[in-house]
Structures are given as structure tokens and as C-alpha cells.
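See below for work09.txt, which holds compact mmCIF, C-alpha atoms.
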# COMPACT_ATOMS: atom_id res chain seq x y z
CA MET A 1 2.69 25.85 24.59
CA ALA A 2 0.89 22.54 24.16
CA HIS A 3 0.03 21.49 20.63
CA LYS A 4 -3.74 21.93 20.20
CA LEU A 5 -5.08 18.74 18.67
CA VAL A 6 -8.74 17.87 18.13
CA ILE A 7 -10.49 14.67 17.05
CA LEU A 8 -13.89 15.18 15.42
CA ALA A 9 -16.46 12.63 16.61
CA TYR A 10 -20.17 12.17 15.87
CA ASP A 11 -23.01 9.80 16.69
CA GLY A 12 -22.19 6.42 15.15
CA CYS A 13 -18.45 7.00 14.88
CA GLN A 14 -16.04 4.10 15.36
CA LEU A 15 -14.92 4.21 19.00
CA LEU A 16 -11.36 3.03 18.36
CA ASP A 17 -10.89 5.71 15.68
CA VAL A 18 -11.24 8.22 18.52
CA SER A 19 -9.89 6.38 21.56
CA GLY A 20 -6.88 4.78 19.81
CA PRO A 21 -5.20 8.02 18.67
CA ALA A 22 -6.37 9.81 21.83
CA ALA A 23 -4.63 7.18 23.98
CA VAL A 24 -1.40 7.64 22.00
CA PHE A 25 -1.40 11.43 22.46
CA GLY A 26 -2.29 11.05 26.13
CA ALA A 27 0.60 8.63 26.57
CA ALA A 28 2.91 11.16 24.89
CA ASN A 29 1.94 13.71 27.56
CA GLU A 30 2.68 11.18 30.29
CA ALA A 31 6.01 10.19 28.74
CA ALA A 32 7.07 13.84 28.41
CA GLY A 33 5.93 14.68 31.94
CA LYS A 34 4.13 17.74 30.63
CA PRO A 35 1.15 18.57 28.36
CA VAL A 36 2.73 18.31 24.91
CA TYR A 37 -0.75 17.87 23.40
CA ASP A 38 -3.85 19.82 24.41
CA LEU A 39 -6.23 17.10 23.23
CA GLN A 40 -9.96 17.63 22.80
CA ILE A 41 -12.75 15.48 21.40
CA VAL A 42 -15.09 17.77 19.47
CA SER A 43 -18.45 17.39 17.72
CA ALA A 44 -20.89 19.56 15.81
CA ASP A 45 -22.95 20.53 18.88
CA GLY A 46 -20.81 19.39 21.80
CA GLY A 47 -22.03 17.18 24.63
CA LEU A 48 -22.37 13.42 24.48
CA VAL A 49 -21.91 11.56 21.21
CA THR A 50 -22.60 7.83 21.09
CA ALA A 51 -20.10 5.63 19.27
CA ASN A 52 -21.26 2.73 17.11
CA CYS A 53 -20.68 0.28 19.98
CA GLY A 54 -22.92 2.26 22.36
CA VAL A 55 -20.18 3.94 24.40
CA ALA A 56 -20.88 7.66 24.99
CA LEU A 57 -18.07 10.17 24.53
CA GLN A 58 -18.03 13.63 26.07
CA SER A 59 -17.19 16.27 23.47
CA LYS A 60 -16.80 20.01 23.12
CA LYS A 61 -18.48 22.04 20.41
CA ILE A 62 -16.36 22.67 17.31
CA GLY A 63 -14.69 26.04 17.26
CA GLY A 64 -11.36 27.82 17.55
CA GLN A 65 -8.24 27.14 15.51
CA PRO A 66 -6.48 23.84 16.30
CA ASP A 67 -2.97 22.92 15.18
CA THR A 68 -4.03 19.41 14.13
CA VAL A 69 -7.47 18.08 13.17
CA LEU A 70 -8.31 14.39 12.83
CA VAL A 71 -11.74 13.12 11.74
CA ALA A 72 -12.90 9.76 13.04
CA GLY A 73 -14.50 7.20 10.76
CA GLY A 74 -17.80 5.49 11.23
CA SER A 75 -20.66 3.84 9.44
CA ARG A 76 -24.05 4.63 10.91
CA GLY A 77 -23.42 8.38 11.36
CA LEU A 78 -21.03 8.99 8.48
CA LYS A 79 -23.54 10.37 5.96
CA ALA A 80 -24.92 12.82 8.53
CA ALA A 81 -21.40 14.01 9.35
CA MET A 82 -20.62 14.48 5.65
CA ALA A 83 -23.81 16.48 5.10
CA HIS A 84 -23.59 18.66 8.23
CA GLU A 85 -23.15 22.25 7.03
CA GLY A 86 -21.64 23.43 10.31
CA VAL A 87 -19.01 20.68 10.27
CA ARG A 88 -18.16 21.32 6.62
CA ALA A 89 -17.85 25.09 7.13
CA TRP A 90 -15.67 24.65 10.22
CA LEU A 91 -13.34 22.20 8.48
CA GLN A 92 -13.05 24.46 5.43
CA ARG A 93 -12.18 27.39 7.67
CA VAL A 94 -9.64 25.76 9.98
CA ALA A 95 -7.95 23.10 7.81
CA PRO A 96 -5.98 25.51 5.58
CA ARG A 97 -4.52 27.17 8.69
CA THR A 98 -3.64 23.96 10.57
CA ARG A 99 -0.17 22.51 10.67
CA ARG A 100 -1.77 19.27 9.51
CA TYR A 101 -5.16 17.63 9.23
CA GLY A 102 -6.37 14.15 8.44
CA SER A 103 -8.66 11.25 9.12
CA VAL A 104 -8.90 7.75 10.50
CA CYS A 105 -10.67 5.10 8.42
CA THR A 106 -13.80 6.44 6.67
CA GLY A 107 -13.30 9.88 8.22
CA ALA A 108 -11.71 10.58 4.81
CA PHE A 109 -15.25 10.84 3.40
CA VAL A 110 -15.97 13.80 5.70
CA LEU A 111 -12.82 15.63 4.62
CA ALA A 112 -13.45 14.81 0.96
CA SER A 113 -17.02 16.10 1.12
CA ALA A 114 -15.57 19.40 2.35
CA GLY A 115 -13.22 19.50 -0.66
CA LEU A 116 -10.13 19.13 1.51
CA LEU A 117 -8.65 16.06 -0.18
CA ASP A 118 -8.75 17.18 -3.81
CA GLY A 119 -5.50 16.32 -5.56
CA LYS A 120 -4.24 14.34 -2.57
CA ARG A 121 -3.20 10.71 -2.21
CA VAL A 122 -5.20 9.24 0.66
CA ALA A 123 -5.92 6.02 2.55
CA THR A 124 -9.13 4.62 3.97
CA HIS A 125 -10.48 1.24 5.05
CA TRP A 126 -9.98 -1.39 2.33
CA ALA A 127 -13.74 -2.03 2.16
CA SER A 128 -14.41 1.64 1.33
CA CYS A 129 -11.56 2.38 -1.11
CA ALA A 130 -13.60 1.85 -4.29
CA ARG A 131 -16.52 3.89 -2.96
CA LEU A 132 -14.26 6.80 -1.94
CA ALA A 133 -12.51 6.82 -5.34
CA GLU A 134 -15.83 6.69 -7.21
CA LYS A 135 -17.52 9.39 -5.15
CA PHE A 136 -14.54 11.77 -5.12
CA PRO A 137 -12.56 11.36 -8.37
CA ALA A 138 -10.42 14.44 -7.62
CA LEU A 139 -8.41 12.49 -5.03
CA SER A 140 -6.20 9.42 -5.42
CA VAL A 141 -6.90 6.43 -3.17
CA ASP A 142 -4.00 4.22 -2.07
CA ALA A 143 -5.93 1.00 -1.55
CA GLU A 144 -3.11 -0.79 0.27
CA ALA A 145 -1.28 1.59 2.59
CA LEU A 146 -1.89 1.59 6.34
CA TYR A 147 -1.57 5.37 6.33
CA VAL A 148 -0.54 8.02 3.83
CA VAL A 149 1.15 11.40 4.35
CA ASP A 150 0.68 13.84 1.47
CA GLY A 151 1.96 17.27 2.45
CA LYS A 152 0.13 18.21 5.61
CA VAL A 153 -2.69 15.71 4.99
CA TRP A 154 -2.48 12.49 7.03
CA THR A 155 -5.02 9.73 6.34
CA SER A 156 -5.13 6.19 7.67
CA ALA A 157 -6.89 2.95 6.83
CA GLY A 158 -9.23 1.08 9.16
CA VAL A 159 -9.53 1.20 12.93
CA THR A 160 -6.20 0.11 14.51
CA THR A 161 -4.20 1.91 11.81
CA GLY A 162 -5.22 5.14 13.54
CA ILE A 163 -2.84 4.08 16.32
CA ASP A 164 -0.04 3.53 13.80
CA MET A 165 -0.62 6.96 12.30
CA ALA A 166 -0.84 8.62 15.71
CA LEU A 167 2.52 7.09 16.65
CA ALA A 168 3.98 8.49 13.41
CA LEU A 169 2.58 11.92 14.31
CA VAL A 170 4.20 11.69 17.75
CA GLU A 171 7.47 10.68 16.10
CA ALA A 172 7.26 13.72 13.82
CA ASP A 173 6.76 15.95 16.87
CA LEU A 174 8.88 14.33 19.57
CA GLY A 175 11.21 11.88 17.81
CA ALA A 176 11.41 8.13 17.33
CA ALA A 177 12.44 7.39 20.91
CA ALA A 178 9.20 8.84 22.30
CA ALA A 179 7.04 6.98 19.75
CA ASN A 180 8.86 3.70 20.41
CA LEU A 181 8.45 4.15 24.17
CA ILE A 182 4.68 4.56 23.73
CA ALA A 183 4.51 1.52 21.43
CA ARG A 184 6.28 -0.58 24.09
CA HIS A 185 3.94 0.79 26.75
CA PHE A 186 0.97 -0.31 24.60
CA VAL A 187 2.59 -3.77 24.26
CA LEU A 188 2.43 -3.55 20.47
CA TYR A 189 4.03 -6.41 18.58
CA ALA A 190 5.66 -3.93 16.21
CA ARG A 191 5.28 -0.39 14.95
CA ARG A 192 3.81 -0.61 11.47
CA PRO A 193 5.04 1.85 8.83
CA GLY A 194 2.54 3.54 6.53
CA TYR A 195 3.70 1.73 3.39
CA GLN A 196 2.86 -1.66 4.91
CA SER A 197 -0.11 -3.20 3.14
CA GLN A 198 -3.57 -3.55 4.67
CA PHE A 199 -3.46 -7.00 3.08
CA SER A 200 -0.52 -8.61 4.87
CA PRO A 201 0.01 -12.17 3.57
CA MET A 202 0.13 -13.55 7.10
CA LEU A 203 -3.14 -11.92 8.20
CA GLN A 204 -4.98 -12.93 5.03
CA ALA A 205 -3.83 -16.51 5.35
CA GLN A 206 -4.64 -16.71 9.05
CA ALA A 207 -8.16 -15.48 8.27
CA ALA A 208 -8.67 -18.03 5.51
CA ALA A 209 -6.75 -21.08 6.70
CA ASP A 210 -8.02 -23.64 9.19
CA ALA A 211 -5.84 -25.67 11.52
CA PRO A 212 -3.17 -26.89 11.11
CA PHE A 213 -2.23 -24.19 8.60
CA ALA A 214 -2.92 -21.23 10.94
CA SER A 215 -0.33 -22.51 13.42
CA LEU A 216 2.01 -23.46 10.57
CA ILE A 217 1.93 -19.89 9.28
CA ASP A 218 2.91 -18.61 12.75
CA TRP A 219 5.82 -21.06 12.75
CA MET A 220 6.88 -19.97 9.24
CA GLN A 221 6.91 -16.32 10.30
CA ASP A 222 9.26 -17.16 13.17
CA HIS A 223 11.59 -19.31 11.04
CA LEU A 224 12.07 -17.37 7.82
CA ASP A 225 15.82 -18.02 7.91
CA ARG A 226 15.24 -21.77 7.61
CA GLU A 227 14.63 -23.93 4.56
CA LEU A 228 10.88 -23.60 4.00
CA ASP A 229 10.42 -25.95 1.08
CA VAL A 230 7.44 -28.25 0.56
CA PRO A 231 9.02 -31.32 2.24
CA THR A 232 9.84 -29.28 5.37
CA LEU A 233 6.42 -27.62 5.57
CA ALA A 234 4.53 -30.83 4.80
CA ARG A 235 6.43 -32.66 7.54
CA HIS A 236 5.72 -29.87 10.02
CA ALA A 237 1.99 -29.87 9.15
CA GLY A 238 1.72 -33.66 9.21
CA TYR A 239 0.79 -34.21 5.54
CA SER A 240 2.31 -35.99 2.60
CA GLU A 241 4.01 -33.56 0.22
CA ARG A 242 1.38 -33.94 -2.49
CA SER A 243 -1.53 -33.58 -0.08
CA PHE A 244 0.09 -30.60 1.65
CA TYR A 245 0.71 -28.72 -1.60
CA ARG A 246 -2.90 -29.13 -2.70
CA LYS A 247 -4.50 -28.32 0.66
CA PHE A 248 -2.22 -25.35 1.42
CA THR A 249 -2.82 -23.81 -2.01
CA GLU A 250 -6.58 -24.25 -1.59
CA ALA A 251 -6.51 -22.71 1.90
CA THR A 252 -4.34 -19.67 1.14
CA GLY A 253 -4.88 -19.11 -2.58
CA LYS A 254 -1.11 -19.27 -3.16
CA THR A 255 1.44 -21.98 -3.72
CA PRO A 256 3.74 -22.65 -0.74
CA ALA A 257 6.71 -21.12 -2.60
CA HIS A 258 4.80 -17.95 -3.49
CA PHE A 259 3.46 -17.62 0.05
CA VAL A 260 6.90 -18.06 1.62
CA GLU A 261 8.33 -15.40 -0.69
CA ASP A 262 5.53 -13.00 0.32
CA LEU A 263 6.37 -13.51 3.99
CA ARG A 264 10.07 -12.99 3.35
CA LEU A 265 9.65 -9.83 1.30
CA ASP A 266 7.18 -8.39 3.81
CA ALA A 267 9.74 -8.94 6.57
CA ALA A 268 12.50 -7.53 4.36
CA ARG A 269 10.61 -4.25 3.89
CA THR A 270 10.34 -3.78 7.65
CA LEU A 271 14.05 -4.48 8.18
CA LEU A 272 15.03 -2.18 5.31
CA SER A 273 13.11 0.68 6.90
CA LYS A 274 15.30 0.19 9.98
CA GLY A 275 18.42 0.78 7.88
CA MET A 276 19.76 -2.76 8.20
CA ALA A 277 22.41 -3.95 5.72
CA LEU A 278 21.11 -5.93 2.72
CA LYS A 279 23.34 -8.92 3.40
CA THR A 280 22.10 -9.13 7.00
CA ILE A 281 18.46 -8.85 5.92
CA ALA A 282 18.90 -11.52 3.24
CA GLY A 283 20.21 -13.92 5.88
CA ARG A 284 17.45 -13.12 8.37
CA VAL A 285 14.60 -13.63 5.91
CA GLY A 286 16.06 -16.71 4.24
CA LEU A 287 16.90 -15.23 0.83
CA LYS A 288 20.56 -16.34 1.15
CA SER A 289 22.26 -13.40 -0.58
CA SER A 290 21.77 -9.68 -1.18
CA ALA A 291 21.66 -10.38 -4.95
CA ARG A 292 18.77 -12.82 -4.54
CA LEU A 293 16.99 -10.39 -2.22
CA GLY A 294 17.43 -7.62 -4.79
CA GLN A 295 16.02 -9.72 -7.63
CA ALA A 296 12.95 -10.82 -5.68
CA PHE A 297 12.38 -7.33 -4.26
CA GLU A 298 12.55 -5.60 -7.64
CA ARG A 299 10.27 -8.20 -9.21
CA ARG A 300 7.64 -7.71 -6.50
CA PHE A 301 7.87 -3.98 -5.71
CA GLY A 302 9.39 -2.48 -8.84
CA MET A 303 12.38 -0.89 -7.10
CA ALA A 304 15.75 -1.87 -5.69
CA PRO A 305 15.94 -2.59 -1.94
CA SER A 306 18.57 0.13 -1.57
CA LEU A 307 16.18 2.73 -3.02
CA PHE A 308 13.38 1.54 -0.75
CA ARG A 309 15.67 1.84 2.27
CA GLN A 310 16.67 5.35 1.17
CA MET A 311 13.02 6.38 0.91
CA HIS A 312 11.87 4.88 4.21
CA ALA A 313 14.84 4.60 6.58
CA ALA A 314 14.10 7.99 8.16
CA ALA A 315 10.56 6.86 8.96
As C-alpha cells, how would this structure be written, given the file I've shared?
Amino acid sequence: MAHKLVILAYDGCQLLDVSGPAAVFGAANEAAGKPVYDLQIVSADGGLVTANCGVALQSKKIGGQPDTVLVAGGSRGLKAAMAHEGVRAWLQRVAPRTRRYGSVCTGAFVLASAGLLDGKRVATHWASCARLAEKFPALSVDAEALYVVDGKVWTSAGVTTGIDMALALVEADLGAAAANLIARHFVLYARRPGYQSQFSPMLQAQAAADAPFASLIDWMQDHLDRELDVPTLARHAGYSERSFYRKFTEATGKTPAHFVEDLRLDAARTLLSKGMALKTIAGRVGLKSSARLGQAFERRFGMAPSLFRQMHAAA
């Protein structure tokens, strides 16, 4: 039998919170050549719901007992969804009997208002983390993670992270090969694990830095195994060393050395989760030796790389 999976939508929901995961589960059906997921978009009253961008979604009225429930996030219609008695009662009835339930982005507020996240560690969009923690003190907000799995509760951060979480759900159901096939089909640059921070050093710097630093950061990411000292970076950016150091630190909020280490350790976490040997990773990310990698990793993340790999290699 197909796995019955529903995504709760409402007027003002974020379109990609619905369509992103839905596309992943639809692709899983295509890849399997059979309906692995019986996917439905549901809402309080059924019929058309209008996403925050103006696109209308056809939905069915909430009811029945799904295997998996996901709640979409939103802004304009979020308070109404949280306050809707029918939605709250339905979630409280079906969630305890599901195999798993969760949310994308601020959909966590809807689950929390129904008392379904008490005592759980959860994720939501970085801009809403403080508000979620303040409004619902019985839960624990992970302000950095892309998505969090706590028992049968799956919650993700903002917008595109719903795709990352949906791929992880597919992997849990069908294996890594199926999830990787879908990721390649979607032309994703990489599958992002849940522990990866919402605040990636590269993305933050690209958002803050003007040319030529934006292109320099791309080059740095592709050449982590090289010597990325100030003379090398200054020469590549076309500045004197002194001028480069000052301008780069102003643009990114970090010294070049600190920024390069952030990039290297971020890359190291991804490679560790793939089970790669420490010595190989150290060479690839430019940290020279496994001992140096271990020292930097423990200083930044508070655990040895080997322990991190043990915890995340299966994922």
C-alpha cells in the first residue's frame, strides 16, 4: 500500500513549503515506477487555498488518518491557521497515531499551538526562532539546523530546507540511492544534511560582500586545498595585502584567516558525514593533517571529527 502523506496548506501559506516537498514525493513515485506515496494537499475546508504569492492550490478537506503529516509555513495566514479549532482538533487527533509528523518553516507554530511540540527539539526559519521559543517555552528551538528529527517529529527551517527534509524522509523510506537519484534529477548542487547551519559562512558572505569579494569567495570554495593566505587572496582580488585585509574584514565581518577556516570546517563536516577518512578530508579542505583537522574541529564544534562522523555517517 502507498504511504498516505498529507501537507496542510492554508490561505497565505508559503508556496514552496508545499510544492517543494510535494515535488520530492512525486519524484519518488516516478523513480519507483509505482505510487509509493499517496500524496494529498489538505486544508481546513478543502477547495482552493491561495499561497502568499497568489498561486491557488487545490486541496482536500482535512480528515482520515494519514501516515505522515507536514504543515506548511506562511506569514499572512499563519495566525488564522494556529487559531483554527478544526485544524487544531484534527492535528491533536491524528498526530499521535501517525508514523511521523512535522512542519516546514513557520508551520512549527501551528504544531506548537496544538501542543504537539512540547518537550521536542525543533527547527524553524532563522527569523522566527526567537519568537517561537518565547511563545512556546515547552519546546527547544535549534536556531541553526536546516532540519531536526526528534523521535517521530520532523521540523525544518525556511523554505528550501523543506526539500532537504523531504529528501531525508524519502531516504528513510526508500534508501539513500533513491534520495540521491531525486536530488540529481532536481539538479541540486548537493544534498544538505540537517545539522548544516542555516548561516553558512559562504552564503552570509555572498549576501554581504560586493564585488570582487563575492567572486573571490566562490573561488576560495573551489580551492580549499590550496594555500589561502592573505598574500594569495589579495593577489587574486587585485588589492595590496593591507588594503585587502581591511576591506575583506569589513565586508564579511571576519578576518581572512577566520573566514577560510569556517569554509574548511564546513566542507569537512559534509565529507565526514560521507564516511571519508580523516587524512583524506584534511588534504581536501587544506588542513594538511588529520591532527590539525581534529584540533580545529574540536575547537569549533566541541567534539572530535571521528565522533561527528560516527553520529552522522549513516545520514
Query - Nearest-residue call for A:Ala123, choices A:Gly74, A:Gly158, A:Pro96, A:Gly151, using all atoms listed in the file - result: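 Nearest to A:Ala123: A:Gly158.
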Query raised in the report: What's the 7 Å shell around A:Ala72, counting only C-alpha atoms, without same-chain residues fewer than 6 positions away, as a list in words?
Result: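 The residues satisfying every condition are Ile7, Leu8, Ala9, Cys13, Gln14, Asp17, Val18, Ser103, Val104, Cys105 and Gly107 of chain A.
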Query raised in the report: Need the neighbours of (-22.6, 12.1, 6.8): which residues are at most 12 Å away, counting all atoms listed in the file, as an MDAnalysis selection string?
Result: chainID A and resid 9:13 44 71:88 106:114
Export, as a PDB file, in the frame of the given file, the selected residues with C-alpha atoms.
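Output file selection.pdb is given in full below:
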ATOM      1  CA  ALA A   9     -16.460  12.630  16.610  1.00  0.00           C
ATOM      2  CA  TYR A  10     -20.170  12.170  15.870  1.00  0.00           C
ATOM      3  CA  ASP A  11     -23.010   9.800  16.690  1.00  0.00           C
ATOM      4  CA  GLY A  12     -22.190   6.420  15.150  1.00  0.00           C
ATOM      5  CA  CYS A  13     -18.450   7.000  14.880  1.00  0.00           C
ATOM      6  CA  ALA A  44     -20.890  19.560  15.810  1.00  0.00           C
ATOM      7  CA  VAL A  71     -11.740  13.120  11.740  1.00  0.00           C
ATOM      8  CA  ALA A  72     -12.900   9.760  13.040  1.00  0.00           C
ATOM      9  CA  GLY A  73     -14.500   7.200  10.760  1.00  0.00           C
ATOM     10  CA  GLY A  74     -17.800   5.490  11.230  1.00  0.00           C
ATOM     11  CA  SER A  75     -20.660   3.840   9.440  1.00  0.00           C
ATOM     12  CA  ARG A  76     -24.050   4.630  10.910  1.00  0.00           C
ATOM     13  CA  GLY A  77     -23.420   8.380  11.360  1.00  0.00           C
ATOM     14  CA  LEU A  78     -21.030   8.990   8.480  1.00  0.00           C
ATOM     15  CA  LYS A  79     -23.540  10.370   5.960  1.00  0.00           C
ATOM     16  CA  ALA A  80     -24.920  12.820   8.530  1.00  0.00           C
ATOM     17  CA  ALA A  81     -21.400  14.010   9.350  1.00  0.00           C
ATOM     18  CA  MET A  82     -20.620  14.480   5.650  1.00  0.00           C
ATOM     19  CA  ALA A  83     -23.810  16.480   5.100  1.00  0.00           C
ATOM     20  CA  HIS A  84     -23.590  18.660   8.230  1.00  0.00           C
ATOM     21  CA  GLU A  85     -23.150  22.250   7.030  1.00  0.00           C
ATOM     22  CA  GLY A  86     -21.640  23.430  10.310  1.00  0.00           C
ATOM     23  CA  VAL A  87     -19.010  20.680  10.270  1.00  0.00           C
ATOM     24  CA  ARG A  88     -18.160  21.320   6.620  1.00  0.00           C
ATOM     25  CA  THR A 106     -13.800   6.440   6.670  1.00  0.00           C
ATOM     26  CA  GLY A 107     -13.300   9.880   8.220  1.00  0.00           C
ATOM     27  CA  ALA A 108     -11.710  10.580   4.810  1.00  0.00           C
ATOM     28  CA  PHE A 109     -15.250  10.840   3.400  1.00  0.00           C
ATOM     29  CA  VAL A 110     -15.970  13.800   5.700  1.00  0.00           C
ATOM     30  CA  LEU A 111     -12.820  15.630   4.620  1.00  0.00           C
ATOM     31  CA  ALA A 112     -13.450  14.810   0.960  1.00  0.00           C
ATOM     32  CA  SER A 113     -17.020  16.100   1.120  1.00  0.00           C
ATOM     33  CA  ALA A 114     -15.570  19.400   2.350  1.00  0.00           C
TER      34      ALA A 114
END
Centre and edge lengths, as lines of an AutoDock Vina configuration file, for the axis-aligned box enclosing every listed atom of stretch 161-173 of chain A with 6 Å of padding on each of the six sides, in Å to one decimal?
center_x = 1.1
center_y = 8.9
center_z = 14.8
size_x = 24.7
size_y = 26.0
size_z = 17.9
Report task. May I have the residues within 9 Å of A:Lys4 as a list in words, using all atoms listed in the file and disregarding those fewer than 4 positions away in the same chain? Result -> Val36, Tyr37, Asp38, Leu39, Gln40, Gln65, Pro66, Asp67, Thr68 and Val69 of chain A
Requested in this report: Go through A:Leu16, A:Ala157, A:Leu216, A:Leu116 and flag the residue nearest A:Leu233, using all atoms listed in the file for the distances.
Outcome: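 Of A:Leu16, A:Ala157, A:Leu216, A:Leu116, the one nearest A:Leu233, counting all atoms listed in the file, is A:Leu216.
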Query raised in the report: Please, which residues are within 12 Å of (6.4, 12.6, 13.6) by the file's coordinates, counting only C-alpha atoms, and could they come as a PyMOL selection string?
Result: chain A and resi 25+28+100+149+152+154+164-180+193+314-315
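Note that the spacing between atom CA of A:Gly286 and atom CA of A:Leu224 amounts to 5.4 Å.
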Query raised in the report: Using all atoms listed in the file, which of A:Phe297, A:Trp90, A:Phe259, A:Phe308 sits nearest A:Gly275?
Result: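 Comparing A:Phe297, A:Trp90, A:Phe259, A:Phe308 against A:Gly275, the winner is A:Phe308.
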